[in-house]
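Everything below concerns the one structure shown next.
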Protein chains: 2
Amino acid sequence: MMAELSLSSVEKILKDAGAKRVSDDAIRELRKIIEEFAEDIGTEAVKVAEHAGRKTIKEKDIKFATRQY
Amino acid sequence: MMAELSLSSVEKILKDAGAKRVSDDAIRELRKIIEEFAEDIGTEAVKVAEHAGRKTIKEKDIKFATRQY
């Protein structure tokens, strides 16, 4: 799994964070990092839901996966 | 800053992670979490670039911000 998130949306986040200018490499690097982060949470959430006997991932599974419960 | 990333792209990441079905709330929760994560990295990268006397955020600033240097 890679490159599901659009470069323009990731660039917008960087601009919102105060960036005046952003290199293409920086946008791609941040996208890679947050996709890996999201994938890790997703993998954990799938396990959590399976453990609960469900096939549907719910909000509480995401929160549990990130230990925000 | 909120909701720059599309729900469909976040859902795709969850599906790629093995989710059979995903609730809308779960997708929105994961989007919120990864946007906050990305915003934190962006804020740090802006500071790192400013410290280096640059207005352009480069790949190395993202890596430095996430301590992957």
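By order in the structure tokens, chains are A, B, ...; within a chain, residues start at 1; ligands start at 1, following the order shown.
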
Interface residues on chain A facing chain B, 7 Å, only C-alpha atoms, written as a count of residues only: 30

Helix (DSSP H, G or I) positions in segment 9-62 of chain A, given as a ChimeraX atom specification: /A:9-16,24-51,59-62

Convert the current residue selection to file output with N, CA and C atoms, as a compact mmCIF listing (two decimals), in the first residue's frame.
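What follows is the written file part.txt:
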# COMPACT_ATOMS: atom_id res chain seq x y z
N SER A 9 -3.26 17.51 -1.01
CA SER A 9 -3.82 17.57 0.34
C SER A 9 -2.71 17.60 1.39
N VAL A 10 -1.63 16.86 1.13
CA VAL A 10 -0.50 16.85 2.06
C VAL A 10 0.20 18.22 2.03
N GLU A 11 0.32 18.79 0.85
CA GLU A 11 0.92 20.13 0.74
C GLU A 11 0.09 21.15 1.51
N LYS A 12 -1.24 21.02 1.42
CA LYS A 12 -2.13 21.95 2.11
C LYS A 12 -1.92 21.88 3.63
N ILE A 13 -1.72 20.68 4.13
CA ILE A 13 -1.47 20.52 5.56
C ILE A 13 -0.18 21.25 5.95
N LEU A 14 0.84 21.12 5.11
CA LEU A 14 2.11 21.80 5.39
C LEU A 14 1.95 23.32 5.33
N LYS A 15 1.18 23.79 4.38
CA LYS A 15 0.94 25.23 4.28
C LYS A 15 0.16 25.72 5.50
N ASP A 16 -0.82 24.93 5.91
CA ASP A 16 -1.60 25.29 7.10
C ASP A 16 -0.72 25.32 8.34
N ASP A 24 8.85 19.44 -3.53
CA ASP A 24 8.11 18.22 -3.88
C ASP A 24 8.57 17.03 -3.04
N ASP A 25 9.88 16.94 -2.83
CA ASP A 25 10.42 15.84 -2.04
C ASP A 25 9.88 15.84 -0.61
N ALA A 26 9.70 17.05 -0.07
CA ALA A 26 9.20 17.15 1.30
C ALA A 26 7.76 16.65 1.37
N ILE A 27 6.97 17.01 0.37
CA ILE A 27 5.57 16.56 0.35
C ILE A 27 5.50 15.04 0.25
N ARG A 28 6.31 14.48 -0.65
CA ARG A 28 6.31 13.03 -0.82
C ARG A 28 6.80 12.31 0.44
N GLU A 29 7.79 12.89 1.11
CA GLU A 29 8.31 12.27 2.33
C GLU A 29 7.24 12.28 3.42
N LEU A 30 6.56 13.42 3.58
CA LEU A 30 5.52 13.49 4.61
C LEU A 30 4.38 12.53 4.28
N ARG A 31 4.02 12.47 2.99
CA ARG A 31 2.96 11.53 2.61
C ARG A 31 3.34 10.09 2.97
N LYS A 32 4.58 9.73 2.68
CA LYS A 32 5.04 8.37 3.00
C LYS A 32 4.92 8.10 4.51
N ILE A 33 5.36 9.06 5.29
CA ILE A 33 5.36 8.89 6.75
C ILE A 33 3.93 8.75 7.29
N ILE A 34 3.04 9.61 6.84
CA ILE A 34 1.69 9.54 7.40
C ILE A 34 0.92 8.33 6.86
N GLU A 35 1.24 7.89 5.65
CA GLU A 35 0.58 6.67 5.15
C GLU A 35 1.04 5.44 5.93
N GLU A 36 2.32 5.40 6.26
CA GLU A 36 2.82 4.28 7.07
C GLU A 36 2.19 4.30 8.46
N PHE A 37 2.07 5.51 8.99
CA PHE A 37 1.43 5.69 10.31
C PHE A 37 -0.01 5.20 10.26
N ALA A 38 -0.74 5.63 9.24
CA ALA A 38 -2.14 5.24 9.08
C ALA A 38 -2.28 3.75 8.85
N GLU A 39 -1.36 3.18 8.09
CA GLU A 39 -1.39 1.75 7.81
C GLU A 39 -1.17 0.94 9.10
N ASP A 40 -0.24 1.43 9.93
CA ASP A 40 0.00 0.75 11.21
C ASP A 40 -1.25 0.77 12.09
N ILE A 41 -1.90 1.91 12.15
CA ILE A 41 -3.13 2.02 12.95
C ILE A 41 -4.20 1.10 12.36
N GLY A 42 -4.32 1.11 11.04
CA GLY A 42 -5.31 0.27 10.38
C GLY A 42 -5.09 -1.21 10.66
N THR A 43 -3.86 -1.65 10.58
CA THR A 43 -3.53 -3.05 10.85
C THR A 43 -3.91 -3.42 12.27
N GLU A 44 -3.59 -2.53 13.20
CA GLU A 44 -3.93 -2.78 14.61
C GLU A 44 -5.44 -2.78 14.81
N ALA A 45 -6.14 -1.86 14.15
CA ALA A 45 -7.60 -1.77 14.29
C ALA A 45 -8.28 -3.03 13.75
N VAL A 46 -7.74 -3.58 12.67
CA VAL A 46 -8.29 -4.82 12.12
C VAL A 46 -8.15 -5.95 13.14
N LYS A 47 -7.00 -6.04 13.78
CA LYS A 47 -6.79 -7.07 14.80
C LYS A 47 -7.74 -6.88 15.99
N VAL A 48 -7.90 -5.63 16.39
CA VAL A 48 -8.77 -5.31 17.52
C VAL A 48 -10.22 -5.71 17.22
N ALA A 49 -10.67 -5.39 16.01
CA ALA A 49 -12.05 -5.73 15.62
C ALA A 49 -12.22 -7.25 15.53
N GLU A 50 -11.23 -7.92 14.96
CA GLU A 50 -11.30 -9.39 14.87
C GLU A 50 -11.35 -10.01 16.25
N HIS A 51 -10.57 -9.45 17.16
CA HIS A 51 -10.56 -9.94 18.54
C HIS A 51 -11.93 -9.79 19.18
N GLU A 59 -15.30 3.14 14.99
CA GLU A 59 -14.52 4.24 15.55
C GLU A 59 -13.76 3.79 16.80
N LYS A 60 -14.42 2.99 17.63
CA LYS A 60 -13.77 2.57 18.87
C LYS A 60 -12.55 1.68 18.63
N ASP A 61 -12.53 1.00 17.48
CA ASP A 61 -11.35 0.18 17.15
C ASP A 61 -10.16 1.07 16.80
N ILE A 62 -10.45 2.15 16.08
CA ILE A 62 -9.38 3.11 15.76
C ILE A 62 -8.83 3.73 17.04

Those in chain A with strand (DSSP E or B) from DSSP, as number ranges by chain: A: 21-22, 56-57

Produce a file of the selected residues containing N, CA, C and O atoms, as a PDB file, in the first residue's frame.
ATOM      1  N   ARG A  21       6.961  27.897   1.510  1.00  0.00           N
ATOM      2  CA  ARG A  21       7.212  27.096   0.305  1.00  0.00           C
ATOM      3  C   ARG A  21       7.582  25.684   0.734  1.00  0.00           C
ATOM      4  O   ARG A  21       8.177  25.486   1.795  1.00  0.00           O
ATOM      5  N   VAL A  22       7.257  24.738  -0.141  1.00  0.00           N
ATOM      6  CA  VAL A  22       7.502  23.334   0.193  1.00  0.00           C
ATOM      7  C   VAL A  22       8.063  22.639  -1.041  1.00  0.00           C
ATOM      8  O   VAL A  22       7.523  22.791  -2.144  1.00  0.00           O
ATOM      9  N   THR A  56     -16.510  -5.494  10.891  1.00  0.00           N
ATOM     10  CA  THR A  56     -16.576  -4.052  10.609  1.00  0.00           C
ATOM     11  C   THR A  56     -15.683  -3.281  11.569  1.00  0.00           C
ATOM     12  O   THR A  56     -15.786  -3.441  12.784  1.00  0.00           O
ATOM     13  N   ILE A  57     -14.814  -2.460  11.003  1.00  0.00           N
ATOM     14  CA  ILE A  57     -13.958  -1.605  11.829  1.00  0.00           C
ATOM     15  C   ILE A  57     -14.790  -0.411  12.276  1.00  0.00           C
ATOM     16  O   ILE A  57     -15.374   0.294  11.449  1.00  0.00           O
TER      17      ILE A  57
END
